[in-house]
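A.B. asks: Provided herewith: input06.txt, compact mmCIF, C-alpha atoms and all ligand atoms.
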```txt
# COMPACT_ATOMS: atom_id res chain seq x y z
CA MET A 163 132.09 108.81 118.74
CA LYS A 164 128.43 109.14 117.71
CA ARG A 165 125.91 109.84 120.48
CA VAL A 166 122.67 107.86 120.26
CA ALA A 167 119.29 108.53 121.89
CA ILE A 168 116.96 105.52 121.98
CA LEU A 169 113.31 106.45 122.46
CA GLY A 170 111.40 103.29 123.34
CA SER A 171 114.51 101.60 124.75
CA THR A 172 112.54 99.06 126.82
CA GLY A 173 110.69 97.71 123.77
CA SER A 174 111.64 94.99 121.34
CA ILE A 175 113.42 97.36 118.90
CA GLY A 176 114.97 99.39 121.73
CA GLN A 177 116.48 96.30 123.34
CA SER A 178 117.80 95.01 120.00
CA THR A 179 119.38 98.43 119.39
CA LEU A 180 121.22 98.22 122.71
CA GLU A 181 122.45 94.73 121.80
CA VAL A 182 123.93 96.08 118.56
CA LEU A 183 125.45 99.11 120.30
CA ALA A 184 127.06 96.84 122.92
CA LEU A 185 129.10 95.31 120.08
CA HIS A 186 130.39 98.73 118.97
CA SER A 187 131.13 100.75 122.08
CA GLU A 188 134.24 102.19 120.38
CA ALA A 189 132.07 103.98 117.80
CA PHE A 190 128.80 104.80 119.60
CA GLU A 191 127.90 106.24 122.96
CA VAL A 192 124.43 105.85 124.48
CA TYR A 193 123.49 109.45 125.25
CA ALA A 194 119.85 108.99 126.31
CA LEU A 195 117.31 106.23 126.90
CA GLY A 196 113.55 106.78 127.02
CA ALA A 197 110.46 104.72 127.73
CA GLN A 198 106.92 105.00 129.00
CA ARG A 199 106.82 103.39 132.44
CA ARG A 200 109.05 100.31 132.86
CA ASP A 201 111.48 101.76 135.39
CA ASP A 202 112.86 98.33 136.39
CA LEU A 203 114.13 97.56 132.89
CA LEU A 204 115.24 101.13 132.25
CA LEU A 205 117.23 101.00 135.51
CA ALA A 206 119.08 97.88 134.35
CA GLN A 207 119.79 99.54 130.97
CA CYS A 208 121.06 102.72 132.67
CA LEU A 209 123.38 100.78 134.94
CA ARG A 210 124.81 98.90 131.97
CA PHE A 211 125.08 101.72 129.40
CA ALA A 212 125.46 104.79 131.68
CA PRO A 213 123.52 107.27 129.51
CA ARG A 214 123.69 110.95 130.35
CA LEU A 215 119.84 111.12 130.41
CA ALA A 216 116.96 108.74 131.09
CA VAL A 217 113.36 109.68 130.31
CA LEU A 218 110.10 108.14 131.51
CA SER A 219 106.66 109.46 130.54
CA ASP A 220 105.16 108.24 133.81
CA ALA A 221 105.95 110.54 136.76
CA ALA A 222 105.79 107.89 139.52
CA ALA A 223 108.03 105.54 137.51
CA ALA A 224 110.50 108.38 136.90
CA GLN A 225 110.63 109.06 140.63
CA ARG A 226 111.36 105.40 141.38
CA LEU A 227 114.08 105.33 138.73
CA GLN A 228 115.71 108.45 140.16
CA THR A 229 115.82 106.98 143.66
CA ALA A 230 117.19 103.64 142.45
CA LEU A 231 119.86 105.29 140.28
CA ARG A 232 121.01 107.44 143.19
CA SER A 233 121.31 104.44 145.45
CA HIS A 234 123.60 102.85 142.84
CA GLY A 235 125.73 106.00 142.64
CA SER A 236 124.77 106.49 138.97
CA LYS A 237 125.33 109.88 137.30
CA THR A 238 122.40 109.44 134.87
CA GLU A 239 119.95 112.32 135.13
CA VAL A 240 116.21 111.45 135.03
CA LEU A 241 113.65 113.51 133.09
CA GLN A 242 109.91 112.90 133.11
CA GLY A 243 106.93 113.54 130.87
CA ASP A 244 106.16 113.39 127.17
CA ALA A 245 107.96 116.68 126.45
CA ALA A 246 111.21 115.19 127.73
CA HIS A 247 111.27 112.69 124.83
CA VAL A 248 111.08 115.66 122.46
CA GLN A 249 113.80 117.46 124.40
CA VAL A 250 116.16 114.49 124.08
CA ALA A 251 115.33 113.98 120.38
CA GLN A 252 116.39 117.52 119.52
CA ALA A 253 119.24 117.98 122.03
CA VAL A 254 122.42 119.33 120.45
CA GLU A 255 124.37 116.47 122.03
CA THR A 256 122.26 113.85 120.18
CA ASP A 257 123.65 112.73 116.79
CA ILE A 258 121.39 109.74 116.12
CA VAL A 259 117.80 109.17 117.27
CA MET A 260 116.36 105.67 117.30
CA ALA A 261 112.61 106.40 117.10
CA ALA A 262 111.24 103.17 118.56
CA ILE A 263 108.18 104.28 120.52
CA VAL A 264 105.09 102.35 119.41
CA GLY A 265 102.10 104.14 117.87
CA ALA A 266 101.21 107.76 117.13
CA ALA A 267 102.68 108.56 120.59
CA GLY A 268 106.07 108.45 118.85
CA LEU A 269 105.24 111.22 116.37
CA ALA A 270 106.16 114.29 118.45
CA SER A 271 109.68 113.08 119.24
CA SER A 272 110.41 111.70 115.77
CA ILE A 273 109.30 114.92 114.09
CA ALA A 274 111.41 116.91 116.58
CA ALA A 275 114.44 114.80 115.60
CA ALA A 276 113.62 115.39 111.92
CA ARG A 277 113.39 119.16 112.38
CA ALA A 278 116.63 119.21 114.36
CA GLY A 279 118.53 117.58 111.47
CA LYS A 280 119.40 114.35 113.25
CA ARG A 281 120.12 111.00 111.70
CA VAL A 282 116.67 109.50 112.33
CA LEU A 283 116.46 105.72 112.52
CA LEU A 284 112.72 105.33 112.09
CA ALA A 285 111.18 102.19 113.55
CA ASN A 286 108.02 104.13 114.44
CA LYS A 287 106.24 103.64 111.09
CA GLU A 288 103.15 105.32 112.57
CA SER A 289 104.95 108.71 112.22
CA LEU A 290 104.89 108.32 108.45
CA VAL A 291 101.38 106.89 108.39
CA VAL A 292 99.91 109.71 110.46
CA ALA A 293 101.90 112.62 109.03
CA GLY A 294 103.89 111.37 106.04
CA GLU A 295 104.01 114.62 104.03
CA LEU A 296 104.79 116.77 107.08
CA PHE A 297 107.38 114.34 108.40
CA MET A 298 109.21 114.21 105.05
CA GLN A 299 109.12 118.02 104.87
CA ALA A 300 110.53 118.26 108.40
CA MET A 301 113.36 115.90 107.39
CA GLN A 302 114.12 118.02 104.36
CA GLN A 303 114.08 121.27 106.31
CA GLY A 304 116.22 119.81 109.10
CA GLY A 305 118.73 118.48 106.58
CA GLY A 306 119.31 115.23 108.49
CA LEU A 307 119.27 111.66 107.21
CA LEU A 308 116.24 109.37 107.44
CA ILE A 309 116.87 105.64 107.54
CA PRO A 310 113.95 103.25 107.91
CA ILE A 311 114.39 100.44 110.41
CA ASP A 312 111.33 98.45 109.32
CA SER A 313 112.98 95.39 107.75
CA GLU A 314 111.06 95.72 104.45
CA HIS A 315 111.93 99.39 104.01
CA SER A 316 115.53 98.80 105.01
CA ALA A 317 115.58 96.09 102.33
CA ILE A 318 114.16 98.50 99.74
CA LEU A 319 116.72 101.16 100.66
CA GLN A 320 119.48 98.55 100.35
CA SER A 321 118.14 97.51 96.93
CA LEU A 322 117.77 101.03 95.49
CA PRO A 323 120.57 102.94 93.72
CA ASP A 324 122.77 105.00 96.07
CA GLU A 325 122.00 108.03 93.95
CA ARG A 326 118.50 109.12 95.05
CA SER A 327 117.88 111.16 91.90
CA HIS A 328 117.81 107.85 89.95
CA TRP A 329 114.99 106.34 91.99
CA ARG A 330 112.12 107.86 90.09
CA SER A 331 113.49 107.20 86.61
CA SER A 332 114.81 103.65 87.05
CA VAL A 333 112.32 101.93 89.35
CA ARG A 334 109.25 100.17 87.98
CA ASP A 335 107.80 98.93 91.27
CA ILE A 336 108.61 97.76 94.75
CA THR A 337 107.41 94.58 96.42
CA LEU A 338 107.00 94.39 100.17
CA THR A 339 107.15 90.85 101.48
CA ALA A 340 104.96 89.70 104.35
CA SER A 341 105.14 86.51 106.38
CA GLY A 342 101.34 86.16 106.45
CA GLY A 343 101.49 85.91 110.26
CA PRO A 344 100.21 83.05 112.39
CA PHE A 345 96.85 82.65 110.59
CA ARG A 346 97.97 82.44 106.97
CA GLN A 347 96.52 78.96 106.65
CA ALA A 348 93.99 78.92 109.48
CA ASP A 349 90.39 78.09 108.61
CA THR A 350 88.81 81.58 108.25
CA SER A 351 85.78 80.48 110.26
CA THR A 352 88.06 80.09 113.32
CA LEU A 353 89.44 83.66 113.17
CA ARG A 354 86.64 85.16 115.25
CA ASP A 355 87.72 83.09 118.26
CA ILE A 356 91.43 83.95 118.12
CA THR A 357 92.85 85.01 121.52
CA PRO A 358 95.39 87.83 122.04
CA ASP A 359 98.15 85.32 122.90
CA GLN A 360 97.48 83.33 119.72
CA ALA A 361 97.60 86.55 117.67
CA CYS A 362 100.90 87.57 119.28
CA ALA A 363 102.63 84.23 118.58
CA HIS A 364 104.35 85.22 115.34
CA PRO A 365 106.01 82.34 113.44
CA ASN A 366 109.24 84.21 112.45
CA TRP A 367 109.66 87.47 114.36
CA SER A 368 109.60 88.28 118.06
CA MET A 369 108.04 91.75 118.42
CA GLY A 370 105.91 93.99 120.65
CA ARG A 371 102.25 93.01 121.08
CA LYS A 372 100.73 95.80 118.97
CA ILE A 373 102.81 95.09 115.86
CA SER A 374 102.32 91.33 116.39
CA VAL A 375 98.53 91.74 116.18
CA ASP A 376 99.03 94.00 113.14
CA SER A 377 101.05 91.23 111.51
CA ALA A 378 98.26 88.73 112.17
CA THR A 379 95.65 91.00 110.51
CA MET A 380 98.18 92.23 107.91
CA MET A 381 97.34 95.79 108.99
CA ASN A 382 101.09 95.98 109.59
CA LYS A 383 101.62 95.56 105.84
CA ALA A 384 98.88 98.13 105.17
CA LEU A 385 100.79 100.63 107.34
CA GLU A 386 104.00 99.65 105.53
CA VAL A 387 102.46 100.37 102.11
CA ILE A 388 101.72 103.91 103.33
CA GLU A 389 105.20 104.12 104.86
CA ALA A 390 106.83 103.07 101.56
CA HIS A 391 104.78 105.61 99.60
CA HIS A 392 106.23 108.46 101.67
CA LEU A 393 109.76 107.14 102.12
CA PHE A 394 110.48 106.32 98.50
CA GLY A 395 108.04 108.62 96.66
CA MET A 396 106.31 105.65 94.97
CA GLN A 397 102.72 105.80 93.75
CA PRO A 398 100.36 103.34 95.50
CA ALA A 399 100.00 101.36 92.25
CA GLN A 400 103.78 100.81 92.22
CA ILE A 401 103.71 99.13 95.64
CA GLN A 402 102.87 95.41 95.70
CA VAL A 403 102.61 93.01 98.60
CA LEU A 404 103.67 89.37 98.36
CA ILE A 405 103.38 86.75 101.08
CA HIS A 406 106.66 84.98 101.71
CA PRO A 407 106.26 82.68 104.72
CA GLN A 408 109.99 82.11 105.37
CA SER A 409 110.75 85.86 105.90
CA ILE A 410 114.16 85.58 104.21
CA VAL A 411 113.63 87.91 101.23
CA HIS A 412 112.89 91.13 103.11
CA SER A 413 111.59 93.06 100.07
CA MET A 414 112.57 93.85 96.47
CA VAL A 415 112.85 96.56 93.86
CA GLY A 416 111.85 95.96 90.23
CA TYR A 417 113.66 97.99 87.55
CA HIS A 418 112.54 98.97 84.06
CA ASP A 419 115.13 96.68 82.47
CA GLY A 420 113.53 93.58 84.04
CA SER A 421 115.99 93.23 86.93
CA VAL A 422 114.70 92.65 90.43
CA VAL A 423 117.07 93.48 93.28
CA ALA A 424 116.25 92.06 96.70
CA GLN A 425 117.85 92.01 100.13
CA LEU A 426 117.97 88.68 101.96
CA GLY A 427 118.92 87.72 105.49
CA MET A 428 117.73 85.94 108.59
CA PRO A 429 114.63 87.51 110.16
CA ASP A 430 116.50 89.50 112.82
CA MET A 431 115.90 93.21 113.43
CA ARG A 432 119.53 93.68 114.47
CA THR A 433 120.48 93.65 110.75
CA PRO A 434 118.39 96.71 109.73
CA ILE A 435 119.31 98.40 113.04
CA ALA A 436 123.05 97.93 112.39
CA TYR A 437 122.59 99.11 108.79
CA GLY A 438 120.91 102.30 110.03
CA LEU A 439 123.63 102.97 112.60
CA SER A 440 126.60 102.33 110.30
CA TYR A 441 125.13 103.58 106.96
CA PRO A 442 126.64 103.87 104.38
CA GLN A 443 129.18 101.43 105.81
CA ARG A 444 128.46 98.00 107.26
CA MET A 445 129.24 96.56 110.65
CA THR A 446 128.46 93.38 112.58
CA SER A 447 125.01 93.12 114.15
CA GLY A 448 125.05 89.84 116.06
CA ALA A 449 122.53 88.31 113.61
CA SER A 450 123.28 84.79 112.43
CA TRP A 451 124.31 84.07 108.83
CA LEU A 452 121.83 83.10 106.19
CA ASP A 453 122.31 79.47 105.15
CA LEU A 454 120.15 79.05 102.04
CA ALA A 455 121.09 75.41 101.59
CA ARG A 456 119.62 74.65 105.01
CA ILE A 457 116.50 76.75 104.35
CA GLY A 458 116.11 74.95 101.03
CA ARG A 459 113.13 76.75 99.54
CA LEU A 460 111.56 80.19 99.34
CA ASP A 461 107.81 80.38 98.70
CA PHE A 462 105.67 83.27 97.50
CA GLU A 463 101.92 83.77 97.17
CA LEU A 464 99.49 86.66 96.75
CA PRO A 465 97.62 87.70 99.91
CA ASP A 466 94.02 86.47 100.03
CA PRO A 467 91.80 89.60 100.24
CA GLN A 468 89.08 87.69 102.13
CA ARG A 469 91.48 86.57 104.84
CA PHE A 470 93.35 89.90 105.00
CA PRO A 471 90.77 92.60 104.14
CA GLY A 472 92.78 95.26 106.03
CA LEU A 473 95.47 95.46 103.37
CA GLN A 474 93.06 97.15 100.95
CA LEU A 475 92.36 99.90 103.49
CA ALA A 476 95.87 101.29 102.90
CA TYR A 477 95.20 101.81 99.20
CA ALA A 478 91.74 103.24 99.99
CA ALA A 479 93.21 105.70 102.53
CA LEU A 480 95.98 106.75 100.13
CA SER A 481 93.35 107.66 97.52
CA MET A 482 91.46 109.85 100.04
CA PRO A 483 92.33 113.41 101.20
CA MET A 484 95.22 114.03 103.60
CA GLY A 485 94.31 112.81 107.07
CA ALA A 486 92.71 109.53 105.97
CA CYS A 487 95.84 107.55 106.84
CA ALA A 488 95.91 109.20 110.28
CA VAL A 489 92.28 108.14 110.80
CA LEU A 490 93.06 104.56 109.74
CA ASN A 491 96.04 104.42 112.09
CA ALA A 492 94.10 105.85 115.04
CA ALA A 493 91.22 103.43 114.46
CA ASN A 494 93.64 100.51 114.28
CA GLU A 495 95.52 101.48 117.47
CA THR A 496 92.20 101.78 119.31
CA ALA A 497 90.88 98.50 117.91
CA VAL A 498 94.07 96.53 118.61
CA GLU A 499 94.11 97.78 122.19
CA ALA A 500 90.46 96.76 122.67
CA PHE A 501 91.22 93.31 121.23
CA LEU A 502 94.30 92.89 123.45
CA GLN A 503 92.17 93.82 126.47
CA GLY A 504 89.59 91.17 125.53
CA ARG A 505 86.90 93.76 124.82
CA MET A 506 86.23 92.61 121.26
CA ARG A 507 86.96 89.88 118.76
CA PHE A 508 89.96 89.57 116.42
CA THR A 509 87.71 89.88 113.38
CA ASP A 510 86.18 93.10 114.77
CA ILE A 511 89.49 94.91 114.23
CA HIS A 512 88.82 95.18 110.51
CA ARG A 513 85.20 96.17 111.07
CA VAL A 514 86.20 99.04 113.38
CA ASN A 515 88.97 100.20 111.01
CA ALA A 516 86.79 100.16 107.88
CA ASP A 517 83.82 101.86 109.58
CA THR A 518 85.96 104.56 111.21
CA LEU A 519 87.71 105.32 107.92
CA ASN A 520 84.27 105.68 106.34
CA ASP A 521 82.66 107.74 109.09
CA VAL A 522 85.23 110.36 110.09
CA ASN A 523 84.76 113.62 108.28
CA LEU A 524 88.00 114.59 106.51
CA ASN A 525 87.85 118.35 106.52
CA ALA A 526 90.77 120.01 104.81
CA VAL A 527 93.70 119.23 107.09
CA ARG A 528 96.97 121.01 106.36
CA ASN A 529 99.09 120.98 109.50
CA LEU A 530 100.19 118.81 112.37
CA ASP A 531 97.64 120.21 114.82
CA GLY A 532 94.86 119.38 112.35
CA LEU A 533 96.15 115.83 112.00
CA LEU A 534 96.39 115.36 115.76
CA GLU A 535 92.83 116.63 116.15
CA LEU A 536 91.69 114.15 113.51
CA ASP A 537 93.60 111.41 115.30
CA GLN A 538 91.62 112.17 118.50
CA GLN A 539 88.29 112.27 116.64
CA ALA A 540 89.05 108.93 114.99
CA ARG A 541 89.93 107.37 118.37
CA GLN A 542 86.58 108.53 119.81
CA GLN A 543 84.69 107.31 116.76
CA ALA A 544 86.42 103.94 116.91
CA GLN A 545 85.73 103.70 120.64
CA SER A 546 82.00 104.30 120.17
CA ARG A 547 81.96 101.66 117.42
CA ILE A 548 83.74 99.24 119.77
CA ASN A 549 81.15 99.94 122.49
CA THR A 550 78.43 98.64 120.15
CA LEU A 551 80.19 95.29 119.71
CA VAL A 552 79.53 92.25 121.84
CA PRO A 553 82.76 90.40 122.73
P1 LIG A 601 107.22 97.48 122.03
O1 LIG A 601 105.80 97.47 122.46
O2 LIG A 601 108.05 96.28 122.29
O3 LIG A 601 107.97 98.74 122.67
C1 LIG A 601 107.42 100.02 122.63
C2 LIG A 601 108.32 101.03 123.32
O4 LIG A 601 107.66 102.31 123.24
C3 LIG A 601 108.55 100.74 124.80
O5 LIG A 601 109.87 101.12 125.15
C4 LIG A 601 107.56 101.68 125.50
O6 LIG A 601 108.00 102.11 126.78
C5 LIG A 601 107.56 102.86 124.55
N1 LIG A 601 106.32 103.63 124.60
C6 LIG A 601 105.05 103.18 124.39
N2 LIG A 601 104.18 104.19 124.50
C7 LIG A 601 104.90 105.28 124.82
C8 LIG A 601 104.55 106.63 125.09
N3 LIG A 601 103.27 107.05 125.07
N4 LIG A 601 105.56 107.50 125.35
C9 LIG A 601 106.85 107.08 125.38
N5 LIG A 601 107.22 105.83 125.14
C10 LIG A 601 106.25 104.94 124.86
O7 LIG A 601 107.20 97.83 120.47
P2 LIG A 601 108.24 97.39 119.33
O8 LIG A 601 107.86 96.08 118.79
O9 LIG A 601 109.65 97.60 119.80
O10 LIG A 601 107.89 98.47 118.20
C11 LIG A 601 108.34 99.81 118.26
C12 LIG A 601 108.07 100.47 116.91
O11 LIG A 601 108.88 99.82 115.94
C13 LIG A 601 106.63 100.35 116.42
O12 LIG A 601 106.29 101.50 115.73
C14 LIG A 601 106.68 99.16 115.46
O13 LIG A 601 105.69 99.25 114.45
C15 LIG A 601 108.07 99.33 114.88
N6 LIG A 601 108.65 98.08 114.37
C16 LIG A 601 108.92 97.05 115.22
C17 LIG A 601 109.46 95.87 114.74
C18 LIG A 601 109.81 94.72 115.67
O14 LIG A 601 110.38 93.73 115.21
N7 LIG A 601 109.49 94.78 116.94
C19 LIG A 601 109.73 95.74 113.37
C20 LIG A 601 109.46 96.81 112.53
C21 LIG A 601 108.92 97.97 113.05
MG MG A 602 108.08 95.38 108.79
```
Give the structure from this file in structure tokens form.
C.D. replies:
Amino acid sequence: MKRVAILGSTGSIGQSTLEVLALHSEAFEVYALGAQRRDDLLLAQCLRFAPRLAVLSDAAAAQRLQTALRSHGSKTEVLQGDAAHVQVAQAVETDIVMAAIVGAAGLASSIAAARAGKRVLLANKESLVVAGELFMQAMQQGGGLLIPIDSEHSAILQSLPDERSHWRSSVRDITLTASGGPFRQADTSTLRDITPDQACAHPNWSMGRKISVDSATMMNKALEVIEAHHLFGMQPAQIQVLIHPQSIVHSMVGYHDGSVVAQLGMPDMRTPIAYGLSYPQRMTSGASWLDLARIGRLDFELPDPQRFPGLQLAYAALSMPMGACAVLNAANETAVEAFLQGRMRFTDIHRVNADTLNDVNLNAVRNLDGLLELDQQARQQAQSRINTLVP
């Protein structure tokens, strides 16, 4: 029996993970569930999966959860505060950590899981964007196993040789596919008037609001380029992005002999989640089967740099000193939040990201504290830029 801790259990990835685990209760036990403040949903999850621990960052929500669990006679123990996520991630009882908190807020717990040698199922791509080198070092020192949950990176892992020492010598390049989001064909003059709900209406995937906006700007793919660089040790020039509106080919690996190996499937996060849980074996996920005859055609096109200027920022940040990717991520989190709150326009997201990346001073950063300080500076810088914008 493997014991699983799901951090971010009330989110889109967290809920999909519980759906997969419900199919395999003979092999996995839910040890801990964690979230920020949605005590109502966490209560329902606790009553169904009976974890040993439940964590909420918000103190009042944790108190409500505790009271409700007691009234149901539940034995689940409630912990509160950010440090409790870290505690659960590194607990000796935890075998597998699903790191599914959104944003840089997920870094502390995912790095704790890495240091503690856990099997880390990494949905939180921001951990690698903010602190890629340090995160990969922590994984190596901890001696655990890192499996990406992002569908593109899961596809790459599934398309690479099992023997990791062959990656560098056999691979020519990797291609991350992107759906192009809801505005792939929209008239670019209309983009400035896009509303948060329009940006969150993704054509193929149902996801949290932050990543949905990132998909609409293609900043999600920018973050994924940085993620792929760290996960697979590829140079930025070896990482291409191709728009594929059907989201069936989840990504591909090109080899020196001319072969291209890809992973295909329906756009359903339960497939990469099940792969991460059962690796190196396979198990059912609940996803429906791919019927290529019904889908009929698969299209590909290069991303238009005018429509998706954010993609280039990933390559720019990767060519800058350590810390630039953390700045880009912090700017983007701040900008997306301001857009979702109606404080600025959709097209301002790129402006804030590009200006913040330009303006923040990248002093030599070597450790996690330095990166977190830079993250805070970038958030302040982005916020002052946002304050100059008229919505
Ligand atoms: P979501 O917004 O649906 O859920 C986020 C979860 O994180 C919630 O459980 C929330 O309670 C928790 N959380 C937020 N802030 C927190 C904090 N400060 N402390 C503790 N918990 C906090 O997001 P999602 O779509 O499930 O995405 C989660 C992560 O997975 C993101 O990093 C995203 O980029 C990545 N990802 C998601 C998808 C997808 O299909 N949804 C695909 C690939 C990668
Ligand atoms: Mg992805």
A.B. asks: Within 6 Å of ligand LIG 601 (chain A), which residues of chain A show up? Give each one with its shortest atom-to-atom distance in Å (one decimal) and the two atoms involved, counting all atoms listed in the file, rows by chain then rising residue number, as a Markdown table.
C.D. replies:
```
| residue | atom | partner | partner_atom | distance |
| --- | --- | --- | --- | --- |
| A:Gly170 | CA | A:LIG601 | O5 | 3.2 |
| A:Ser171 | CA | A:LIG601 | O5 | 4.7 |
| A:Thr172 | CA | A:LIG601 | O5 | 3.8 |
| A:Gly173 | CA | A:LIG601 | O3 | 3.1 |
| A:Ser174 | CA | A:LIG601 | O9 | 3.6 |
| A:Ile175 | CA | A:LIG601 | O9 | 3.9 |
| A:Gly176 | CA | A:LIG601 | O9 | 5.9 |
| A:Ala197 | CA | A:LIG601 | O6 | 3.7 |
| A:Gln198 | CA | A:LIG601 | O6 | 3.8 |
| A:Arg199 | CA | A:LIG601 | O6 | 5.9 |
| A:Ser219 | CA | A:LIG601 | N4 | 5.7 |
| A:Ala262 | CA | A:LIG601 | C11 | 4.4 |
| A:Ile263 | CA | A:LIG601 | O4 | 3.4 |
| A:Val264 | CA | A:LIG601 | C13 | 3.9 |
| A:Gly265 | CA | A:LIG601 | O12 | 5.4 |
| A:Ala267 | CA | A:LIG601 | N3 | 4.8 |
| A:Ala285 | CA | A:LIG601 | O11 | 4.1 |
| A:Asn286 | CA | A:LIG601 | O12 | 3.4 |
| A:Lys287 | CA | A:LIG601 | O12 | 5.1 |
| A:Glu288 | CA | A:LIG601 | O12 | 5.9 |
| A:Asp312 | CA | A:LIG601 | C20 | 4.1 |
| A:Met369 | CA | A:LIG601 | N7 | 3.7 |
| A:Gly370 | CA | A:LIG601 | O8 | 3.4 |
| A:Arg371 | CA | A:LIG601 | O1 | 5.9 |
| A:Ile373 | CA | A:LIG601 | O13 | 5.3 |
| A:Met431 | CA | A:LIG601 | O14 | 5.8 |
```
A.B. asks: Within 10 Å of range 401-404 of chain A, counting all atoms listed in the file, which residues qualify if same-chain residues fewer than 5 places away don't, as a ChimeraX atom specification?
C.D. replies: /A:334-342,383-384,386-388,390-391,396,413-415,461-465,473,477
A.B. asks: Counting all atoms listed in the file, which of A:Met428, A:Leu385, A:Leu209, A:Val292 gets nearest to ligand MG 602 (chain A)?
C.D. replies: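 Selected residue with least distance to ligand MG 602 (chain A): A:Leu385.
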A.B. asks: Please provide as a ChimeraX atom specification all residues within 12 Å of range 495-498 of chain A, with the sequence filter that same-chain residues fewer than 4 positions apart are discarded (counting all atoms listed in the file).
C.D. replies: /A:264-267,288,292,357-358,361-362,371-379,381-382,385,488-491,502-518,537-549,551
A.B. asks: Closest to Asn520 in chain A among A:Val240, A:Cys487, A:Ala424, A:Leu460, using only C-alpha atoms?
C.D. replies: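 Closest to Asn520 in chain A, using only C-alpha atoms: A:Cys487.
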A.B. asks: For each of A:Val248, A:Ile258, A:Leu204, A:Ala278, take the minimum atom-to-atom distance to Val192 in chain A, counting all atoms listed in the file, then give the residue where this is smallest.
C.D. replies: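 That would be A:Ile258, the residue with the smallest distance to Val192 in chain A.
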A.B. asks: Restore N, CA and C atoms in range 419-434 of chain A and list the result as an mmCIF file, keeping the file's coordinate frame.
C.D. replies:
```cif
data_model
loop_
_atom_site.group_PDB
_atom_site.id
_atom_site.type_symbol
_atom_site.label_atom_id
_atom_site.label_comp_id
_atom_site.auth_asym_id
_atom_site.auth_seq_id
_atom_site.Cartn_x
_atom_site.Cartn_y
_atom_site.Cartn_z
ATOM 1 N N ASP A 419 114.449 97.602 83.380
ATOM 2 C CA ASP A 419 115.130 96.680 82.470
ATOM 3 C C ASP A 419 114.787 95.214 82.755
ATOM 4 N N GLY A 420 113.909 94.964 83.736
ATOM 5 C CA GLY A 420 113.530 93.580 84.040
ATOM 6 C C GLY A 420 114.274 93.012 85.242
ATOM 7 N N SER A 421 115.272 93.731 85.747
ATOM 8 C CA SER A 421 115.990 93.230 86.930
ATOM 9 C C SER A 421 115.145 93.430 88.184
ATOM 10 N N VAL A 422 115.288 92.484 89.098
ATOM 11 C CA VAL A 422 114.700 92.650 90.430
ATOM 12 C C VAL A 422 115.838 92.504 91.434
ATOM 13 N N VAL A 423 116.013 93.524 92.265
ATOM 14 C CA VAL A 423 117.070 93.480 93.280
ATOM 15 C C VAL A 423 116.409 93.338 94.643
ATOM 16 N N ALA A 424 116.856 92.337 95.399
ATOM 17 C CA ALA A 424 116.250 92.060 96.700
ATOM 18 C C ALA A 424 117.323 92.048 97.776
ATOM 19 N N GLN A 425 116.922 92.195 99.006
ATOM 20 C CA GLN A 425 117.850 92.010 100.130
ATOM 21 C C GLN A 425 117.368 90.796 100.911
ATOM 22 N N LEU A 426 118.297 89.909 101.243
ATOM 23 C CA LEU A 426 117.970 88.680 101.960
ATOM 24 C C LEU A 426 118.730 88.650 103.279
ATOM 25 N N GLY A 427 118.221 87.898 104.221
ATOM 26 C CA GLY A 427 118.920 87.720 105.490
ATOM 27 C C GLY A 427 118.001 86.978 106.451
ATOM 28 N N MET A 428 118.560 86.573 107.573
ATOM 29 C CA MET A 428 117.730 85.940 108.590
ATOM 30 C C MET A 428 116.746 86.977 109.129
ATOM 31 N N PRO A 429 115.561 86.533 109.582
ATOM 32 C CA PRO A 429 114.630 87.510 110.160
ATOM 33 C C PRO A 429 115.128 87.955 111.539
ATOM 34 N N ASP A 430 115.895 89.015 111.578
ATOM 35 C CA ASP A 430 116.500 89.500 112.820
ATOM 36 C C ASP A 430 116.636 91.009 112.698
ATOM 37 N N MET A 431 115.929 91.750 113.548
ATOM 38 C CA MET A 431 115.900 93.210 113.430
ATOM 39 C C MET A 431 117.264 93.848 113.684
ATOM 40 N N ARG A 432 118.211 93.083 114.244
ATOM 41 C CA ARG A 432 119.530 93.680 114.470
ATOM 42 C C ARG A 432 120.225 94.014 113.149
ATOM 43 N N THR A 433 119.863 93.329 112.049
ATOM 44 C CA THR A 433 120.480 93.650 110.750
ATOM 45 C C THR A 433 120.054 95.048 110.268
ATOM 46 N N PRO A 434 118.734 95.338 110.134
ATOM 47 C CA PRO A 434 118.390 96.710 109.730
ATOM 48 C C PRO A 434 118.835 97.773 110.744
#
```
